[in-house]
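Presented below is the structure to which this report refers.
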Amino acid sequence: MATHNVTELARKARDMAWDGNFPVNPIAIAQGITLVKGQGEDEQRLSIEVIGKSLGELSGYAEFTEAPVPGFRCFYNLDEARVRQRFTQAHELAHVLLNHVSKEHTRLRDTTFNDRGDWREIDANAFAAELIMPAEYVRHQASKITDISELARFFGVSSTAIHYRLKNLGVL
């Protein structure tokens with residue numbers, strides 16, 4: 001189970017850049033965040049870019065790049081289902097905001113979302129779930145919408161994703 005800090009960070013990211021509409025747009029949230037590293041003359045303002053492209057079997061990855069300007073890039077696979085793309089966008093954003101990717105650790109690739117034993121993947125999945133399926137809204141909507149498919153459409157996720165979210169929140 002992810003730490004409270006991971007879900008709190010997802011809430012803060014959402015609060016900083018979310019327009020309040022569903023489904024939550026991870027790309028807009030990433031674009032609304034600028035990371036500030038260092039102080040004084042060493043201060044750097046680093047943007048986060050989310051980029052879709054064909055990645056073969058890879059769902060996504062996050063990286064730090066120096067050129068043309070220092071910043072972060074989160075890639076997601078355009079060939080996957082839209083609901084999977086959205087989760088990947090949020091998941092890769094998590095790797096950036098959780099400092100799994102940095103100047104020292106320039107790239108993190110996920111070949112699957114299999115999180116067994118890798119705390120970075122567990123935390124990134126928990127962050128992504130909270131970002132695009134906020135707990136308070138999931139509980140509220142689940143009290144009004146009992147059809148899993150309809151609930152999944154509301155949040156812009158797969159039926160499997162909303163099922164796991166409901167289960168992890170103790171709603172199911």
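Quick note on naming: the chains in the structure tokens go A, B, ... in the order shown, residues restart at 1 in each chain, and ligands are numbered from 1 in order of appearance.
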Among chain A, which residues does DSSP mark as strand (DSSP E or B) when it is run on the backbone? Keep the chain and numbering as in the structure and answer as a ChimeraX atom specification.
/A:34-37,44-53,60-65,71-77,107-110
Dump C-alpha atoms for the selected residues as a short mmCIF file (atom, residue, chain, number, x, y, z; two decimals), in the first residue's frame?
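Full text of again-v9.cif as output:
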data_model
loop_
_atom_site.label_atom_id
_atom_site.label_comp_id
_atom_site.auth_asym_id
_atom_site.auth_seq_id
_atom_site.Cartn_x
_atom_site.Cartn_y
_atom_site.Cartn_z
CA THR A 34 6.90 24.03 -12.88
CA LEU A 35 9.46 22.39 -10.62
CA VAL A 36 11.95 24.70 -8.93
CA LYS A 37 15.31 23.15 -8.07
CA GLN A 44 16.36 26.18 -12.15
CA ARG A 45 12.75 26.20 -13.28
CA LEU A 46 11.97 22.88 -14.90
CA SER A 47 8.87 22.24 -16.97
CA ILE A 48 7.17 18.90 -17.53
CA GLU A 49 6.21 17.95 -21.05
CA VAL A 50 3.89 15.02 -21.81
CA ILE A 51 4.41 13.50 -25.25
CA GLY A 52 2.49 10.80 -27.07
CA LYS A 53 4.21 8.60 -29.63
CA GLY A 60 5.56 4.86 -21.26
CA TYR A 61 8.64 6.30 -19.65
CA ALA A 62 9.84 9.48 -17.98
CA GLU A 63 13.15 11.21 -18.43
CA PHE A 64 15.19 14.24 -17.46
CA THR A 65 16.79 16.06 -20.37
CA GLY A 71 13.30 19.72 -17.96
CA PHE A 72 11.27 16.56 -17.79
CA ARG A 73 9.49 14.60 -20.48
CA CYS A 74 6.83 11.96 -19.90
CA PHE A 75 6.15 9.72 -22.88
CA TYR A 76 3.03 7.59 -23.38
CA ASN A 77 2.12 5.12 -26.09
CA ARG A 107 15.37 7.85 -17.33
CA LEU A 108 12.88 5.40 -15.89
CA ARG A 109 11.15 2.99 -18.25
CA ASP A 110 8.13 0.92 -17.37
#
Between A:Thr3, A:Thr160, A:Asn99, A:Thr88, smallest distance to A:Ile148 by only C-alpha atoms belongs to A:Thr160
DSSP-assigned helix (DSSP H, G or I) among stretch 6-138 of chain A, expressed as a PyMOL selection string
chain A and resi 6-17+26-31+40-42+82-97+119-132+135-138
Only C-alpha atoms, please: the residues just picked out, written as an mmCIF file, in the first residue's frame.
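What ended up in again22.cif:
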data_model
loop_
_atom_site.group_PDB
_atom_site.id
_atom_site.type_symbol
_atom_site.label_atom_id
_atom_site.label_comp_id
_atom_site.auth_asym_id
_atom_site.auth_seq_id
_atom_site.Cartn_x
_atom_site.Cartn_y
_atom_site.Cartn_z
ATOM 1 C CA VAL A 6 2.091 9.816 -2.301
ATOM 2 C CA THR A 7 -1.653 10.350 -2.349
ATOM 3 C CA GLU A 8 -1.221 13.753 -0.696
ATOM 4 C CA LEU A 9 1.254 14.759 -3.427
ATOM 5 C CA ALA A 10 -1.290 13.692 -6.084
ATOM 6 C CA ARG A 11 -3.922 15.872 -4.397
ATOM 7 C CA LYS A 12 -1.527 18.836 -4.319
ATOM 8 C CA ALA A 13 -0.657 18.398 -8.003
ATOM 9 C CA ARG A 14 -4.343 18.215 -8.869
ATOM 10 C CA ASP A 15 -5.120 21.274 -6.735
ATOM 11 C CA MET A 16 -2.381 23.292 -8.465
ATOM 12 C CA ALA A 17 -3.453 22.702 -12.031
ATOM 13 C CA PRO A 26 -3.044 14.593 -16.603
ATOM 14 C CA ILE A 27 -1.421 16.476 -19.491
ATOM 15 C CA ALA A 28 -2.956 19.792 -18.405
ATOM 16 C CA ILE A 29 -1.883 19.127 -14.822
ATOM 17 C CA ALA A 30 1.704 18.411 -15.918
ATOM 18 C CA GLN A 31 1.743 21.582 -18.024
ATOM 19 C CA GLY A 40 19.639 31.830 -5.809
ATOM 20 C CA GLU A 41 22.000 31.637 -8.781
ATOM 21 C CA ASP A 42 21.609 27.848 -8.863
ATOM 22 C CA ARG A 82 -7.162 6.137 -24.572
ATOM 23 C CA VAL A 83 -7.995 5.090 -21.008
ATOM 24 C CA ARG A 84 -4.595 3.380 -20.743
ATOM 25 C CA GLN A 85 -2.877 6.471 -22.166
ATOM 26 C CA ARG A 86 -4.419 8.658 -19.470
ATOM 27 C CA PHE A 87 -3.276 6.344 -16.689
ATOM 28 C CA THR A 88 0.218 6.197 -18.211
ATOM 29 C CA GLN A 89 0.364 10.004 -18.412
ATOM 30 C CA ALA A 90 -0.468 10.253 -14.700
ATOM 31 C CA HIS A 91 1.871 7.370 -13.822
ATOM 32 C CA GLU A 92 4.846 8.931 -15.635
ATOM 33 C CA LEU A 93 4.086 12.332 -14.099
ATOM 34 C CA ALA A 94 4.275 10.568 -10.734
ATOM 35 C CA HIS A 95 7.786 9.342 -11.487
ATOM 36 C CA VAL A 96 8.850 12.939 -12.093
ATOM 37 C CA LEU A 97 7.123 14.451 -9.047
ATOM 38 C CA TRP A 119 8.130 0.546 -4.531
ATOM 39 C CA ARG A 120 8.570 3.140 -7.289
ATOM 40 C CA GLU A 121 5.896 1.441 -9.398
ATOM 41 C CA ILE A 122 3.593 0.942 -6.410
ATOM 42 C CA ASP A 123 3.862 4.635 -5.537
ATOM 43 C CA ALA A 124 3.480 5.788 -9.167
ATOM 44 C CA ASN A 125 0.330 3.679 -9.551
ATOM 45 C CA ALA A 126 -1.124 5.022 -6.299
ATOM 46 C CA PHE A 127 -0.337 8.594 -7.373
ATOM 47 C CA ALA A 128 -1.926 8.041 -10.805
ATOM 48 C CA ALA A 129 -5.049 6.497 -9.278
ATOM 49 C CA GLU A 130 -5.515 9.417 -6.875
ATOM 50 C CA LEU A 131 -4.784 11.988 -9.575
ATOM 51 C CA ILE A 132 -7.335 10.761 -12.121
ATOM 52 C CA ALA A 135 -10.942 9.279 -3.616
ATOM 53 C CA GLU A 136 -13.572 11.770 -2.468
ATOM 54 C CA TYR A 137 -15.101 12.005 -5.949
ATOM 55 C CA VAL A 138 -15.009 8.242 -6.494
#
